[in-house]
>>> print(open('target15.cif').read())   # mmCIF, C-alpha atoms and all ligand atoms
data_my_file
loop_
_atom_site.label_atom_id
_atom_site.label_comp_id
_atom_site.auth_asym_id
_atom_site.auth_seq_id
_atom_site.Cartn_x
_atom_site.Cartn_y
_atom_site.Cartn_z
CA MET A 51 104.17 127.58 80.12
CA SER A 52 102.31 127.84 83.43
CA ALA A 53 100.81 124.76 85.09
CA LYS A 54 97.36 126.34 84.75
CA LYS A 55 97.71 126.81 80.99
CA LEU A 56 99.13 123.29 80.69
CA PHE A 57 96.11 121.71 82.36
CA ASN A 58 93.66 123.85 80.37
CA MET A 59 94.83 122.38 77.06
CA GLN A 60 91.81 120.13 76.63
CA PRO A 61 89.72 119.67 73.49
CA VAL A 62 86.16 121.00 73.73
CA LEU A 63 83.69 118.13 73.33
CA ASP A 64 80.35 118.63 71.58
CA GLU A 65 77.75 117.13 73.94
CA SER A 66 74.65 118.21 72.06
CA SER A 67 74.90 115.60 69.32
CA THR A 68 75.09 112.58 71.65
CA LYS A 69 72.08 113.17 73.91
CA GLU A 70 70.34 109.85 73.18
CA ARG A 71 73.44 107.74 72.62
CA PHE A 72 73.09 105.64 75.78
CA LYS A 73 69.33 105.82 76.25
CA GLY A 74 68.08 102.64 77.94
CA LYS A 75 71.59 101.60 79.05
CA VAL A 76 72.47 100.94 82.68
CA VAL A 77 75.93 102.17 83.66
CA ILE A 78 77.97 101.82 86.86
CA VAL A 79 80.93 104.14 87.49
CA THR A 80 83.21 103.41 90.45
CA GLY A 81 85.01 106.37 91.97
CA GLY A 82 82.25 108.36 90.32
CA ALA A 83 82.03 111.07 92.99
CA SER A 84 85.29 112.73 91.94
CA GLY A 85 87.61 113.52 89.05
CA ILE A 86 87.60 111.33 85.94
CA GLY A 87 84.86 109.04 87.29
CA LYS A 88 82.59 111.99 88.08
CA GLU A 89 83.03 113.49 84.61
CA THR A 90 82.44 110.04 83.08
CA ALA A 91 79.19 109.71 85.04
CA ARG A 92 78.12 113.22 84.02
CA ARG A 93 78.79 112.49 80.35
CA PHE A 94 76.83 109.21 80.47
CA LEU A 95 73.94 111.12 82.09
CA ASN A 96 74.13 113.79 79.39
CA ASP A 97 73.98 110.98 76.81
CA GLY A 98 70.77 109.49 78.27
CA ALA A 99 72.05 106.55 80.34
CA THR A 100 70.75 105.40 83.72
CA VAL A 101 73.80 105.84 85.94
CA ALA A 102 74.83 104.43 89.32
CA VAL A 103 77.81 105.96 91.10
CA PHE A 104 79.81 103.81 93.55
CA ASP A 105 82.19 105.63 95.91
CA ILE A 106 83.41 105.59 99.52
CA ASN A 107 83.69 109.34 100.07
CA ASP A 108 80.34 110.38 101.58
CA ASP A 109 81.09 114.13 101.36
CA ALA A 110 82.03 113.82 97.69
CA ILE A 111 78.88 111.74 97.09
CA ARG A 112 76.71 114.44 98.72
CA ASN A 113 78.37 117.27 96.74
CA THR A 114 78.19 115.38 93.45
CA GLU A 115 74.55 114.46 94.04
CA LEU A 116 73.73 118.14 94.57
CA GLU A 117 75.78 119.27 91.57
CA PHE A 118 74.16 116.67 89.29
CA LYS A 119 70.70 117.54 90.60
CA GLN A 120 71.27 121.22 89.79
CA ALA A 121 72.23 120.13 86.27
CA GLY A 122 68.95 118.19 85.98
CA PHE A 123 70.42 114.71 86.47
CA SER A 124 69.44 112.15 89.10
CA PRO A 125 71.77 109.17 89.15
CA MET A 126 71.76 106.55 91.92
CA PHE A 127 74.53 106.77 94.52
CA TYR A 128 75.84 103.85 96.55
CA SER A 129 78.47 103.81 99.25
CA VAL A 130 80.51 100.84 98.02
CA ASP A 131 84.15 100.04 98.76
CA VAL A 132 85.37 98.24 95.63
CA SER A 133 87.97 96.32 97.64
CA ASN A 134 85.10 94.63 99.52
CA LYS A 135 83.60 91.94 97.29
CA ALA A 136 80.45 91.53 99.38
CA GLU A 137 79.72 95.27 99.04
CA CYS A 138 80.30 95.10 95.27
CA LEU A 139 77.96 92.11 94.86
CA SER A 140 75.29 93.76 96.99
CA GLY A 141 75.57 97.20 95.32
CA VAL A 142 75.52 95.82 91.78
CA GLY A 143 72.58 93.56 92.72
CA LYS A 144 70.62 96.62 93.88
CA VAL A 145 71.36 98.48 90.64
CA ALA A 146 70.29 95.49 88.55
CA ASP A 147 67.12 94.90 90.62
CA ALA A 148 66.09 98.51 90.05
CA ASN A 149 66.73 98.28 86.30
CA GLY A 150 65.19 95.09 84.95
CA GLY A 151 67.99 92.77 86.07
CA VAL A 152 70.63 94.14 83.69
CA VAL A 153 73.83 96.17 83.70
CA HIS A 154 75.32 97.28 80.34
CA TYR A 155 78.47 99.25 81.11
CA LEU A 156 80.99 99.39 83.92
CA VAL A 157 83.72 102.02 84.29
CA ASN A 158 86.27 101.24 86.98
CA SER A 159 87.77 104.55 88.07
CA ALA A 160 88.13 104.14 91.87
CA VAL A 161 91.72 104.45 93.00
CA TYR A 162 94.03 104.48 95.97
CA PHE A 163 96.81 106.91 95.07
CA CYS A 164 99.82 105.51 96.89
CA PHE A 165 103.18 106.80 95.69
CA GLU A 166 105.71 104.75 97.64
CA ALA A 167 109.07 103.26 96.62
CA LEU A 168 111.99 102.38 98.90
CA GLN A 169 109.82 103.21 101.92
CA ALA A 170 106.91 100.96 100.84
CA GLU A 171 105.53 98.73 103.60
CA HIS A 172 103.16 95.77 103.46
CA GLU A 173 100.18 98.00 104.26
CA HIS A 174 100.94 100.24 101.24
CA TRP A 175 101.10 97.27 98.89
CA ALA A 176 98.07 95.54 100.40
CA LYS A 177 95.73 98.53 100.12
CA THR A 178 97.01 99.59 96.69
CA MET A 179 96.47 96.14 95.20
CA ALA A 180 93.17 95.59 97.04
CA VAL A 181 91.57 98.79 95.72
CA ASN A 182 93.26 99.30 92.35
CA VAL A 183 93.47 95.69 91.14
CA GLU A 184 91.23 93.39 93.19
CA GLY A 185 88.59 96.15 93.20
CA VAL A 186 88.41 95.96 89.40
CA ALA A 187 88.06 92.16 89.52
CA ASN A 188 85.38 92.38 92.25
CA MET A 189 83.30 94.77 90.17
CA VAL A 190 83.65 92.79 86.95
CA GLN A 191 82.69 89.54 88.73
CA SER A 192 79.69 91.30 90.27
CA CYS A 193 78.47 92.81 86.98
CA TYR A 194 79.14 89.78 84.74
CA PRO A 195 75.85 87.87 85.29
CA TYR A 196 73.79 91.00 84.65
CA MET A 197 75.78 91.78 81.49
CA VAL A 198 75.19 88.25 80.22
CA LYS A 199 71.48 88.79 80.89
CA ALA A 200 71.67 92.08 78.97
CA GLY A 201 72.91 90.19 75.94
CA GLY A 202 76.69 90.52 76.22
CA LYS A 203 77.25 92.21 72.87
CA GLU A 204 75.44 95.31 74.17
CA CYS A 205 77.87 95.58 77.08
CA GLY A 206 81.33 96.94 77.79
CA ILE A 207 83.82 97.49 80.58
CA VAL A 208 86.50 100.19 80.84
CA ASN A 209 89.26 99.88 83.43
CA MET A 210 91.23 103.02 84.27
CA ALA A 211 94.94 102.21 84.02
CA SER A 212 97.46 105.04 83.65
CA GLY A 213 100.40 106.23 81.64
CA SER A 214 102.27 105.18 84.77
CA ALA A 215 101.69 101.55 83.69
CA HIS A 216 103.92 101.97 80.67
CA ARG A 217 106.89 104.12 81.69
CA ALA A 218 109.29 104.24 84.60
CA GLN A 219 108.63 107.08 87.02
CA THR A 220 110.39 107.98 90.22
CA ASN A 221 108.86 107.07 93.60
CA ARG A 222 105.90 105.14 92.21
CA TRP A 223 106.56 101.43 92.84
CA THR A 224 103.18 100.83 94.40
CA TYR A 225 100.89 102.93 92.15
CA SER A 226 102.66 102.09 88.87
CA THR A 227 102.71 98.36 89.62
CA SER A 228 98.98 98.37 90.30
CA LYS A 229 98.32 100.21 87.03
CA GLY A 230 100.52 97.75 85.11
CA ALA A 231 98.50 94.96 86.70
CA ILE A 232 95.27 96.58 85.45
CA VAL A 233 96.61 96.46 81.87
CA SER A 234 97.37 92.71 82.21
CA LEU A 235 94.12 91.99 84.04
CA THR A 236 92.14 93.79 81.32
CA LYS A 237 93.71 91.66 78.59
CA CYS A 238 92.82 88.45 80.45
CA MET A 239 89.29 89.68 81.14
CA ALA A 240 88.82 90.69 77.49
CA LEU A 241 89.77 87.17 76.39
CA ASP A 242 87.46 85.45 78.88
CA LEU A 243 84.46 87.75 78.48
CA SER A 244 84.68 87.82 74.68
CA GLU A 245 82.88 84.46 74.73
CA GLN A 246 79.78 86.41 75.79
CA GLY A 247 80.57 89.31 73.44
CA ILE A 248 81.42 91.64 76.34
CA ARG A 249 84.18 94.10 75.43
CA VAL A 250 86.81 94.92 78.07
CA ASN A 251 89.32 97.73 77.52
CA SER A 252 91.68 99.81 79.61
CA ILE A 253 92.55 103.49 79.23
CA SER A 254 95.91 104.96 80.20
CA PRO A 255 95.39 108.68 80.78
CA GLY A 256 98.19 111.18 81.14
CA ALA A 257 98.02 113.83 83.85
CA ILE A 258 94.51 115.17 84.48
CA TRP A 259 94.00 117.89 87.10
CA THR A 260 91.52 116.12 89.43
CA PRO A 261 90.96 116.35 93.20
CA GLY A 262 92.87 113.08 93.51
CA LEU A 263 95.94 114.27 91.64
CA ARG A 264 95.71 117.62 93.40
CA SER A 265 95.75 115.95 96.80
CA VAL A 266 98.89 113.98 95.89
CA LEU A 267 100.75 116.79 94.17
CA GLY A 268 99.42 119.31 96.67
CA LEU A 269 101.85 117.82 99.14
CA LEU A 270 104.70 119.09 96.99
CA THR A 271 106.23 122.52 97.29
CA ARG A 272 105.62 124.99 94.46
CA THR A 273 109.29 124.70 93.44
CA ARG A 274 109.17 120.91 93.28
CA LEU A 275 105.90 121.06 91.33
CA ARG A 276 107.40 123.54 88.86
CA ASN A 277 110.44 121.28 88.42
CA ILE A 278 108.15 118.35 87.67
CA LEU A 279 106.05 120.28 85.19
CA GLU A 280 109.17 121.52 83.44
CA LYS A 281 110.20 117.92 82.85
CA PRO A 282 107.38 116.76 80.55
CA THR A 283 108.51 113.14 80.50
CA TYR A 284 107.60 112.92 84.20
CA PHE A 285 103.95 112.87 83.19
CA VAL A 286 103.58 110.28 80.49
CA GLY A 287 101.15 111.35 77.81
CA LEU A 288 101.20 115.02 78.71
CA VAL A 289 101.75 117.21 75.66
CA LYS A 290 105.41 118.07 75.37
CA VAL A 291 106.03 121.71 76.00
CA GLN A 292 108.64 123.70 74.12
CA LYS A 293 110.38 126.10 76.43
N1 LIG B 1 94.23 112.25 87.45
C1 LIG B 1 95.20 111.77 86.71
O1 LIG B 1 96.12 112.49 86.31
C2 LIG B 1 95.20 110.32 86.32
C3 LIG B 1 96.17 109.90 85.39
C4 LIG B 1 96.17 108.56 85.00
C5 LIG B 1 95.25 107.70 85.50
N2 LIG B 1 94.33 108.13 86.40
C6 LIG B 1 93.37 107.16 86.92
O2 LIG B 1 92.07 107.64 86.73
C7 LIG B 1 91.24 107.17 87.80
C8 LIG B 1 90.54 108.34 88.49
O3 LIG B 1 91.52 109.21 89.01
P1 LIG B 1 91.13 110.67 89.54
O4 LIG B 1 92.33 111.50 89.36
O5 LIG B 1 89.85 111.06 88.95
O6 LIG B 1 90.96 110.35 91.12
P2 LIG B 1 90.06 111.06 92.24
O7 LIG B 1 90.77 110.82 93.52
O8 LIG B 1 89.70 112.45 91.87
O9 LIG B 1 88.73 110.16 92.22
C9 LIG B 1 88.79 108.83 92.66
C10 LIG B 1 87.52 108.48 93.42
O10 LIG B 1 87.64 107.11 93.83
C11 LIG B 1 87.04 107.00 95.11
N3 LIG B 1 87.55 105.80 95.79
C12 LIG B 1 88.75 105.65 96.40
N4 LIG B 1 88.84 104.43 96.94
C13 LIG B 1 87.66 103.80 96.68
C14 LIG B 1 87.15 102.52 97.00
N5 LIG B 1 87.88 101.63 97.71
N6 LIG B 1 85.91 102.19 96.58
C15 LIG B 1 85.15 103.08 95.88
N7 LIG B 1 85.59 104.31 95.55
C16 LIG B 1 86.83 104.68 95.95
C17 LIG B 1 87.44 108.29 95.81
O11 LIG B 1 86.60 108.54 96.94
C18 LIG B 1 87.29 109.31 94.70
O12 LIG B 1 85.98 109.85 94.71
C19 LIG B 1 92.16 106.39 88.74
O13 LIG B 1 92.07 105.02 88.46
C20 LIG B 1 93.53 106.92 88.40
O14 LIG B 1 94.54 105.99 88.69
C21 LIG B 1 94.29 109.43 86.82
#
>>> encode(input="target15.cif", output="structure tokens")
Amino acid sequence: MSAKKLFNMQPVLDESSTKERFKGKVVIVTGGASGIGKETARRFLNDGATVAVFDINDDAIRNTELEFKQAGFSPMFYSVDVSNKAECLSGVGKVADANGGVVHYLVNSAVYFCFEALQAEHEHWAKTMAVNVEGVANMVQSCYPYMVKAGGKECGIVNMASGSAHRAQTNRWTYSTSKGAIVSLTKCMALDLSEQGIRVNSISPGAIWTPGLRSVLGLLTRTRLRNILEKPTYFVGLVKVQK
């Protein structure tokens, strides 16, 4: 099966029946100007939520803002680097101030894709852990007081882990370790925040054809890419393909 067909095997979601589902809820999506985060933001907007997108890519922010506007949506956009705690605190504070002092949902989707192994240097580890792991903690710490104010039980957090957290993959020491850390961090957060009724979960997607994945795999030759796609176990969670 071709790569194109493989990545088109997605269920069609009915969006018409959920229009009011998140009406009155304030949602922050990090990494929301691209890929999974962008689609998450769009779906929350479709479902009636007030959405704030945090991202560091100004071009992607501009394009997403335009795209959403053309679709009739007007979320807030903030240039926030999740690895910078001061920026997280300030950005979340602005969102809460503009929305009655509350935040209901947080989706942590921002990522630094760093696929290094034997060649990994301190800088690779430092940035990977700062964005992918500490960034999640920074955002949860920043949102927590506003979720408590919103009543706790009404609130939830989703941290984007990866199938890479659960299976060995070649050349992924840095990325996979950070995703494994997100799974552990999420469990600890869920325990601590349950006292306030705030739910914390992680998701471990398989391969999803996003600009981020494209930029990483785009570095590969067509032959290498075909070899990877013909070995389904390389992408954990991807539907197994019978040859
Ligand atoms: N695409 C996949 O196949 C796949 C599979 C499993 C898990 N995931 C996870 O899903 C999440 C989203 O992945 P994607 O493929 O949509 O990526 P993507 O690269 O398309 O989008 C990520 C966004 O995060 C932003 N970002 C990067 N660093 C940031 C920072 N420091 N602060 C704020 N924003 C920052 C980027 O500018 C980008 O807009 C990631 O956590 C990724 O690990 C993706």
>>> closest_residue(input="target15.cif", among="A:Asn96, A:Thr114, A:Ser214, A:Ser226", to="Lys69 (chain A)", atoms="only C-alpha atoms")
A:Asn96
>>> residues_around(input="target15.cif", residues="Thr80 (chain A)", least_positions_apart="4", cutoff="7 Å", atoms="only C-alpha atoms", output="number ranges by chain")
A: 87, 103-105, 157-160
>>> axis_aligned_box(input="target15.cif", around="ligand LIG 1 (chain B)", padding_each_side="8 Å", output="JSON")
{"center_x": 90.7, "center_y": 107.1, "center_z": 91.4, "size_x": 27.0, "size_y": 26.9, "size_z": 28.7}
>>> residues_near_point(input="target15.cif", point="(92.3, 100.4, 79.7)", cutoff="6 Å", atoms="only C-alpha atoms", output="mmCIF file with C-alpha atoms, keeping the file's coordinate frame")
data_model
loop_
_atom_site.group_PDB
_atom_site.id
_atom_site.type_symbol
_atom_site.label_atom_id
_atom_site.label_comp_id
_atom_site.auth_asym_id
_atom_site.auth_seq_id
_atom_site.Cartn_x
_atom_site.Cartn_y
_atom_site.Cartn_z
ATOM 1 C CA VAL A 208 86.500 100.190 80.840
ATOM 2 C CA ASN A 209 89.260 99.880 83.430
ATOM 3 C CA MET A 210 91.230 103.020 84.270
ATOM 4 C CA ALA A 211 94.940 102.210 84.020
ATOM 5 C CA ASN A 251 89.320 97.730 77.520
ATOM 6 C CA SER A 252 91.680 99.810 79.610
ATOM 7 C CA ILE A 253 92.550 103.490 79.230
ATOM 8 C CA SER A 254 95.910 104.960 80.200
#
>>> atom_distance(input="target15.cif", atom1="atom C11 of ligand LIG 1 (chain B)", atom2="CA of Asn182 (chain A)")
10.3 Å
>>> atom_distance(input="target15.cif", atom1="atom N1 of ligand LIG 1 (chain B)", atom2="CA of Lys144 (chain A)")
29.0 Å
>>> closest_residue(input="target15.cif", among="A:Trp175, A:Tyr155, A:Phe127, A:Phe165", to="Met189 (chain A)", atoms="all atoms listed in the file")
A:Tyr155
>>> atom_distance(input="target15.cif", atom1="CA of Val266 (chain A)", atom2="atom O13 of ligand LIG 1 (chain B)")
13.5 Å
>>> closest_residue(input="target15.cif", among="A:Asp242, A:Asp109, A:Glu171, A:Glu166", to="ligand LIG 1 (chain B)", atoms="only C-alpha atoms and all ligand atoms")
A:Asp109
>>> closest_residue(input="target15.cif", among="A:Gly82, A:Gly74, A:Gly201, A:Gly247", to="ligand LIG 1 (chain B)", atoms="only C-alpha atoms and all ligand atoms")
A:Gly82
>>> residues_near_point(input="target15.cif", point="(94.1, 92.7, 84.6)", cutoff="12 Å", atoms="all atoms listed in the file", output="number ranges by chain")
A: 158, 179, 182-188, 190, 208-211, 215, 227-242, 250-252
>>> residues_around(input="target15.cif", residues="Asn149 (chain A)", least_positions_apart="2", cutoff="12 Å", atoms="all atoms listed in the file", output="PyMOL selection string")
chain A and resi 74-78+99-102+126+142-147+151-154+196+199-200
>>> closest_residue(input="target15.cif", among="A:Leu116, A:Leu139, A:Glu245, A:Val132", to="Cys193 (chain A)", atoms="all atoms listed in the file")
A:Leu139
>>> build_atoms(input="target15.cif", residues="region 177-195 of chain A", atoms="N, CA and C atoms", output="JSON list (two decimals), keeping the file's coordinate frame")
[["chain", "number", "residue", "atom", "x", "y", "z"],
["A", 177, "LYS", "N", 96.89, 97.66, 100.44],
["A", 177, "LYS", "CA", 95.73, 98.53, 100.12],
["A", 177, "LYS", "C", 95.74, 98.92, 98.64],
["A", 178, "THR", "N", 96.93, 99.20, 98.12],
["A", 178, "THR", "CA", 97.01, 99.59, 96.69],
["A", 178, "THR", "C", 96.46, 98.48, 95.81],
["A", 179, "MET", "N", 96.91, 97.25, 96.06],
["A", 179, "MET", "CA", 96.47, 96.14, 95.20],
["A", 179, "MET", "C", 95.00, 95.80, 95.47],
["A", 180, "ALA", "N", 94.57, 95.93, 96.71],
["A", 180, "ALA", "CA", 93.17, 95.59, 97.04],
["A", 180, "ALA", "C", 92.19, 96.53, 96.34],
["A", 181, "VAL", "N", 92.50, 97.83, 96.35],
["A", 181, "VAL", "CA", 91.57, 98.79, 95.72],
["A", 181, "VAL", "C", 91.77, 98.81, 94.20],
["A", 182, "ASN", "N", 93.01, 99.01, 93.78],
["A", 182, "ASN", "CA", 93.26, 99.30, 92.35],
["A", 182, "ASN", "C", 93.13, 98.06, 91.46],
["A", 183, "VAL", "N", 93.47, 96.89, 91.99],
["A", 183, "VAL", "CA", 93.47, 95.69, 91.14],
["A", 183, "VAL", "C", 92.32, 94.75, 91.52],
["A", 184, "GLU", "N", 92.31, 94.30, 92.78],
["A", 184, "GLU", "CA", 91.23, 93.39, 93.19],
["A", 184, "GLU", "C", 89.87, 94.08, 93.07],
["A", 185, "GLY", "N", 89.84, 95.40, 93.31],
["A", 185, "GLY", "CA", 88.59, 96.15, 93.20],
["A", 185, "GLY", "C", 88.00, 96.05, 91.80],
["A", 186, "VAL", "N", 88.87, 96.09, 90.79],
["A", 186, "VAL", "CA", 88.41, 95.96, 89.40],
["A", 186, "VAL", "C", 87.82, 94.56, 89.18],
["A", 187, "ALA", "N", 88.54, 93.56, 89.68],
["A", 187, "ALA", "CA", 88.06, 92.16, 89.52],
["A", 187, "ALA", "C", 86.73, 91.97, 90.26],
["A", 188, "ASN", "N", 86.63, 92.51, 91.48],
["A", 188, "ASN", "CA", 85.38, 92.38, 92.25],
["A", 188, "ASN", "C", 84.19, 92.95, 91.48],
["A", 189, "MET", "N", 84.40, 94.10, 90.88],
["A", 189, "MET", "CA", 83.30, 94.77, 90.17],
["A", 189, "MET", "C", 82.94, 94.02, 88.89],
["A", 190, "VAL", "N", 83.94, 93.53, 88.19],
["A", 190, "VAL", "CA", 83.65, 92.79, 86.95],
["A", 190, "VAL", "C", 82.92, 91.48, 87.29],
["A", 191, "GLN", "N", 83.38, 90.78, 88.32],
["A", 191, "GLN", "CA", 82.69, 89.54, 88.73],
["A", 191, "GLN", "C", 81.25, 89.83, 89.13],
["A", 192, "SER", "N", 81.04, 90.96, 89.81],
["A", 192, "SER", "CA", 79.69, 91.30, 90.27],
["A", 192, "SER", "C", 78.77, 91.66, 89.11],
["A", 193, "CYS", "N", 79.30, 92.35, 88.11],
["A", 193, "CYS", "CA", 78.47, 92.81, 86.98],
["A", 193, "CYS", "C", 78.24, 91.72, 85.93],
["A", 194, "TYR", "N", 79.16, 90.76, 85.85],
["A", 194, "TYR", "CA", 79.14, 89.78, 84.74],
["A", 194, "TYR", "C", 77.77, 89.12, 84.52],
["A", 195, "PRO", "N", 77.12, 88.55, 85.56],
["A", 195, "PRO", "CA", 75.85, 87.87, 85.29],
["A", 195, "PRO", "C", 74.78, 88.79, 84.71]]
